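Shown next: my_file_14.pdb, containing PDB, C-alpha atoms.
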MODEL        1
ATOM      1  CA  MET K 335     -12.142   6.984 -24.510
ATOM      2  CA  LEU K 336     -11.728   7.946 -20.831
ATOM      3  CA  VAL K 337     -12.759   5.292 -18.305
ATOM      4  CA  GLN K 338     -13.457   7.152 -15.100
ATOM      5  CA  SER K 339     -13.986   5.704 -11.645
ATOM      6  CA  LYS K 340     -17.573   5.736 -10.456
ATOM      7  CA  PHE K 341     -16.294   6.666  -6.998
ATOM      8  CA  VAL K 342     -13.526   9.229  -7.542
ATOM      9  CA  PRO K 343     -13.822  11.602 -10.514
ATOM     10  CA  GLY K 344     -10.619  11.907 -12.552
ATOM     11  CA  VAL K 345      -9.192   8.579 -11.321
ATOM     12  CA  ALA K 346      -8.965   5.498 -13.544
ATOM     13  CA  GLU K 347     -10.664   2.237 -12.567
ATOM     14  CA  ALA K 348      -8.497  -0.614 -11.288
ATOM     15  CA  TRP K 349      -8.580  -4.163 -10.004
ATOM     16  CA  GLY K 350      -6.351  -5.991  -7.551
ATOM     17  CA  LEU K 351      -5.709  -9.339  -5.887
ATOM     18  CA  VAL K 352      -4.019 -10.148  -2.567
ATOM     19  CA  LEU K 353      -3.019 -13.572  -1.272
ATOM     20  CA  SER K 354      -2.097 -13.952   2.410
ATOM     21  CA  ALA K 355      -0.692 -16.840   4.386
ATOM     22  CA  TYR K 356       0.022 -17.087   8.089
ATOM     23  CA  GLN K 357       0.352 -19.843  10.665
ATOM     24  CA  LYS K 358       0.673 -19.460  14.414
ATOM     25  CA  PHE K 359       3.360 -21.532  16.160
ATOM     26  CA  GLY K 360       2.953 -21.003  19.895
ATOM     27  CA  ARG K 361       3.551 -17.300  20.419
ATOM     28  CA  TYR K 362       5.060 -16.777  16.929
ATOM     29  CA  LEU K 363       3.018 -15.790  13.878
ATOM     30  CA  PRO K 364       4.987 -15.690  10.601
ATOM     31  CA  PHE K 365       3.125 -14.216   7.631
ATOM     32  CA  ALA K 366       3.570 -13.614   3.911
ATOM     33  CA  ARG K 367       1.518 -11.687   1.349
ATOM     34  CA  TYR K 368       1.551 -11.168  -2.380
ATOM     35  CA  GLY K 369      -0.507  -8.560  -4.164
ATOM     36  CA  CYS K 370      -0.935  -7.426  -7.734
ATOM     37  CA  ALA K 371      -3.003  -4.675  -9.319
ATOM     38  CA  ASP K 372      -3.734  -3.155 -12.685
ATOM     39  CA  SER K 373      -5.324   0.150 -13.579
ATOM     40  CA  ASP K 374      -6.499   1.641 -16.836
ATOM     41  CA  GLU K 375      -3.773   3.663 -18.511
ATOM     42  CA  GLU K 376      -6.088   6.128 -20.181
ATOM     43  CA  PRO K 377      -4.694   9.557 -21.073
ATOM     44  CA  GLY K 378      -5.995  12.294 -18.821
ATOM     45  CA  LEU K 379      -6.788  10.023 -15.868
ATOM     46  CA  LYS K 380      -4.701   9.506 -12.754
ATOM     47  CA  ASP K 381      -3.791   5.881 -11.959
ATOM     48  CA  ALA K 382      -6.032   4.462  -9.247
ATOM     49  CA  VAL K 383      -3.150   2.415  -7.811
ATOM     50  CA  PRO K 384       0.598   3.103  -8.020
ATOM     51  CA  ILE K 385       1.829  -0.468  -7.359
ATOM     52  CA  GLU K 386       1.759  -3.379  -9.815
ATOM     53  CA  HIS K 387       3.308  -6.138  -7.637
ATOM     54  CA  MET K 388       3.965  -6.334  -3.889
ATOM     55  CA  VAL K 389       5.592  -8.992  -1.673
ATOM     56  CA  ASN K 390       5.493  -8.703   2.117
ATOM     57  CA  ALA K 391       6.791 -11.007   4.847
ATOM     58  CA  GLY K 392       7.236 -10.708   8.569
ATOM     59  CA  LEU K 393       6.755 -12.060  12.038
ATOM     60  CA  ALA K 394       4.488 -11.194  14.953
ATOM     61  CA  ILE K 395       5.418 -12.286  18.468
ATOM     62  CA  ASP K 396       2.892 -12.432  21.304
ATOM     63  CA  GLY K 397       3.496 -12.233  25.024
ATOM     64  CA  LEU K 398       6.624 -10.115  25.213
ATOM     65  CA  PHE K 399       7.684  -8.601  28.524
ATOM     66  CA  GLY K 400       5.257 -10.854  30.420
ATOM     67  CA  LYS K 401       2.173  -9.309  28.805
ATOM     68  CA  GLN K 402       0.254 -12.217  27.232
ATOM     69  CA  ASP K 403      -1.943 -10.135  24.892
ATOM     70  CA  ASP K 404       0.702  -7.621  23.761
ATOM     71  CA  ARG K 405       2.190  -8.171  20.301
ATOM     72  CA  LEU K 406       5.328  -7.029  18.470
ATOM     73  CA  GLY K 407       5.204  -7.129  14.687
ATOM     74  CA  ILE K 408       8.013  -6.626  12.170
ATOM     75  CA  GLY K 409       7.891  -6.894   8.408
ATOM     76  CA  ALA K 410       9.541  -6.041   5.116
ATOM     77  CA  THR K 411       7.914  -5.172   1.801
ATOM     78  CA  TRP K 412       9.073  -4.934  -1.806
ATOM     79  CA  SER K 413       6.850  -3.238  -4.386
ATOM     80  CA  ARG K 414       7.154  -2.657  -8.129
ATOM     81  CA  PRO K 415       5.385   0.483  -9.350
ATOM     82  CA  ILE K 416       3.137   0.545 -12.398
ATOM     83  CA  ASP K 417       5.163   3.504 -13.709
ATOM     84  CA  ASP K 418       8.366   1.972 -15.144
ATOM     85  CA  SER K 419      10.236   5.263 -14.749
ATOM     86  CA  LEU K 420      10.099   4.903 -10.928
ATOM     87  CA  ASP K 421      12.411   2.811  -8.732
ATOM     88  CA  ASP K 422      11.096  -0.220  -6.868
ATOM     89  CA  GLN K 423       9.813   0.685  -3.421
ATOM     90  CA  GLY K 424      10.925  -1.050  -0.243
ATOM     91  CA  ALA K 425       9.699  -0.730   3.319
ATOM     92  CA  LEU K 426      10.450  -1.892   6.842
ATOM     93  CA  ASP K 427       7.558  -1.861   9.303
ATOM     94  CA  MET K 428       7.271  -2.322  13.037
ATOM     95  CA  TYR K 429       4.442  -2.055  15.544
ATOM     96  CA  TYR K 430       3.797  -2.873  19.176
ATOM     97  CA  ARG K 431       0.259  -3.535  20.384
ATOM     98  CA  PHE K 432      -0.339  -2.609  24.015
ATOM     99  CA  GLN K 433      -3.454  -4.475  25.190
ATOM    100  CA  LEU K 434      -4.558  -2.062  27.907
ATOM    101  CA  THR K 435      -7.828  -3.801  28.784
ATOM    102  CA  PRO K 436      -9.498  -6.946  27.422
ATOM    103  CA  ARG K 437     -11.406  -4.735  24.942
ATOM    104  CA  PHE K 438      -9.008  -1.831  24.255
ATOM    105  CA  ALA K 439      -5.556  -1.718  22.634
ATOM    106  CA  ILE K 440      -3.225   1.047  21.462
ATOM    107  CA  THR K 441      -0.664   0.331  18.743
ATOM    108  CA  PRO K 442       2.188   2.688  17.818
ATOM    109  CA  THR K 443       3.598   2.017  14.336
ATOM    110  CA  LEU K 444       6.791   2.939  12.503
ATOM    111  CA  HIS K 445       7.382   2.599   8.742
ATOM    112  CA  LEU K 446      10.615   3.329   6.887
ATOM    113  CA  ILE K 447       9.919   3.567   3.142
ATOM    114  CA  PHE K 448      12.731   3.486   0.573
ATOM    115  CA  ASP K 449      12.186   5.120  -2.849
ATOM    116  CA  PRO K 450       8.528   5.958  -2.111
ATOM    117  CA  VAL K 451       6.375   5.738  -5.231
ATOM    118  CA  ARG K 452       4.049   8.555  -4.104
ATOM    119  CA  ASN K 453       7.038  10.817  -3.333
ATOM    120  CA  PRO K 454       9.744   9.962  -5.929
ATOM    121  CA  ASP K 455      11.900  12.992  -5.054
ATOM    122  CA  GLU K 456      12.715  11.452  -1.646
ATOM    123  CA  ASP K 457      15.105   8.536  -1.063
ATOM    124  CA  GLN K 458      13.518   7.617   2.275
ATOM    125  CA  VAL K 459      10.409   8.565   4.181
ATOM    126  CA  LEU K 460       9.775   7.793   7.845
ATOM    127  CA  VAL K 461       6.118   7.485   8.806
ATOM    128  CA  TRP K 462       4.927   6.944  12.358
ATOM    129  CA  GLY K 463       1.456   6.588  13.646
ATOM    130  CA  ILE K 464      -0.746   5.328  16.396
ATOM    131  CA  ARG K 465      -3.977   3.408  16.125
ATOM    132  CA  SER K 466      -6.425   2.100  18.650
ATOM    133  CA  ARG K 467      -8.834  -0.813  18.710
ATOM    134  CA  PHE K 468     -11.943  -1.142  20.782
ATOM    135  CA  ALA K 469     -13.631  -4.567  20.598
ATOM    136  CA  PHE K 470     -17.269  -4.879  21.577
TER     137      PHE K 470
ENDMDL
END

Give the structure from the file, written as structure tokens.
Amino acid sequence: MLVQSKFVPGVAEAWGLVLSAYQKFGRYLPFARYGCADSDEEPGLKDAVPIEHMVNAGLAIDGLFGKQDDRLGIGATWSRPIDDSLDDQGALDMYYRFQLTPRFAITPTLHLIFDPVRNPDEDQVLVWGIRSRFAF
């Protein structure tokens, strides 16, 4: 019996759970997360999620370089894939939020992924990006 996603044809259904904890201490914001997921392992369907367990921890620091609303964030992640034939995935992440106006911020990001589950032929993948936030 094939159990197909109602949203994406050809992809198995899945469930997941994430627990997050963080506490601000002055300008420092340490955080930790744990996540787990499970997807149907039906023949002929692609797994909806590649990761079974994930642990993430890091620190955000506000007010660097005299800019009260700017924020630097760093973190590390370990993930175990659902597919036992793949290596565990690791990642280092960093971002810097530039608060340009009270309602607009730009955030460049950098991610170094070790043994990427979605690209098992690579040892490391470097991903960079930029996002923006407009609050209204």

Counting all atoms listed in the file, what is within 10 Å of Asp421 in chain K, bar same-chain residues fewer than 4 positions away, as a PDB file with C-alpha atoms, in the coordinates of the input?
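Result file part.pdb:
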ATOM      1  CA  SER K 413       6.850  -3.238  -4.386  1.00  0.00           C
ATOM      2  CA  ARG K 414       7.154  -2.657  -8.129  1.00  0.00           C
ATOM      3  CA  PRO K 415       5.385   0.483  -9.350  1.00  0.00           C
ATOM      4  CA  ASP K 417       5.163   3.504 -13.709  1.00  0.00           C
ATOM      5  CA  PHE K 448      12.731   3.486   0.573  1.00  0.00           C
ATOM      6  CA  ASP K 449      12.186   5.120  -2.849  1.00  0.00           C
ATOM      7  CA  PRO K 450       8.528   5.958  -2.111  1.00  0.00           C
ATOM      8  CA  VAL K 451       6.375   5.738  -5.231  1.00  0.00           C
ATOM      9  CA  PRO K 454       9.744   9.962  -5.929  1.00  0.00           C
ATOM     10  CA  ASP K 457      15.105   8.536  -1.063  1.00  0.00           C
TER      11      ASP K 457
END

Excluding same-chain residues fewer than 6 positions from Ile395 in chain K, what lies within 6 Å of it counting all atoms listed in the file, as a compact mmCIF listing (two decimals) with C-alpha atoms, in the frame of the given file?
# COMPACT_ATOMS: atom_id res chain seq x y z
CA ARG K 361 3.55 -17.30 20.42
CA TYR K 362 5.06 -16.78 16.93
CA ARG K 405 2.19 -8.17 20.30
CA LEU K 406 5.33 -7.03 18.47

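Going from CA of Ala425 in chain K to CA of Trp462 in chain K covers 12.8 Å.
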
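The closest residue to Ile385 in chain K, picked from K:Gln402, K:Gln423, K:Ser354, K:Gln458 and counting all atoms listed in the file, is K:Gln423.
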
For Ala371 in chain K, the closest of K:Met388, K:Leu444, K:Ala355, K:Ala439 counting all atoms listed in the file is K:Met388

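If all atoms listed in the file are the atoms counted, then among K:Asp396, K:Glu347, K:Glu456, K:Glu386 the closest residue to Pro364 in chain K is K:Asp396.
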
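CA of Lys358 in chain K sits 20.7 Å away from CA of Pro436 in chain K.
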
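In this structure, CA of Arg437 in chain K sits 7.8 Å away from CA of Arg467 in chain K.
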
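Minimum atom-to-atom distance to Ala394 in chain K, evaluated using only C-alpha atoms, belongs to K:Tyr430 out of K:Tyr430, K:Tyr368, K:Trp412, K:Phe438.
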
Assuming 8 Å of padding per side, give the centre and edge lengths of the axis-aligned box around every listed atom of range 413-419 of chain K, in Å to one decimal and as JSON.
{"center_x": 6.7, "center_y": 1.0, "center_z": -9.8, "size_x": 23.1, "size_y": 24.5, "size_z": 26.8}

Could you list, as a JSON list (two decimals) with C-alpha atoms, in the frame of the given file, every residue matched by the PyMOL selection byres ((chain K and resi 366) around 7) in this structure?
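Below you can see selection.json, which holds the result:
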[["chain", "number", "residue", "atom", "x", "y", "z"],
["K", 354, "SER", "CA", -2.10, -13.95, 2.41],
["K", 355, "ALA", "CA", -0.69, -16.84, 4.39],
["K", 356, "TYR", "CA", 0.02, -17.09, 8.09],
["K", 365, "PHE", "CA", 3.12, -14.22, 7.63],
["K", 367, "ARG", "CA", 1.52, -11.69, 1.35],
["K", 390, "ASN", "CA", 5.49, -8.70, 2.12],
["K", 391, "ALA", "CA", 6.79, -11.01, 4.85],
["K", 392, "GLY", "CA", 7.24, -10.71, 8.57]]

Carefully work through the PyMOL selection byres ((chain K and resi 464) around 10) for this structure and note down the residues it includes, as an MDAnalysis selection string.
chainID K and resid 429:431 440:444 462:463 465:466

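Checking K:Leu393, K:Ala469, K:Val461, K:Ala410 one by one against Leu363 in chain K, counting only C-alpha atoms, you find the shortest gap at K:Leu393.
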
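Take the PyMOL selection byres ((chain K and resi 372) around 8) and apply it to this file: it picks Ala348, Trp349, Gly350, Cys370, Ala371, Ser373, Asp374, Val383, Glu386 and Ile416 of chain K.
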
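Using all atoms listed in the file for every distance, the candidate list K:His387, K:Asp422, K:Thr435, K:Val459 yields K:Thr435 as the residue closest to Asp403 in chain K.
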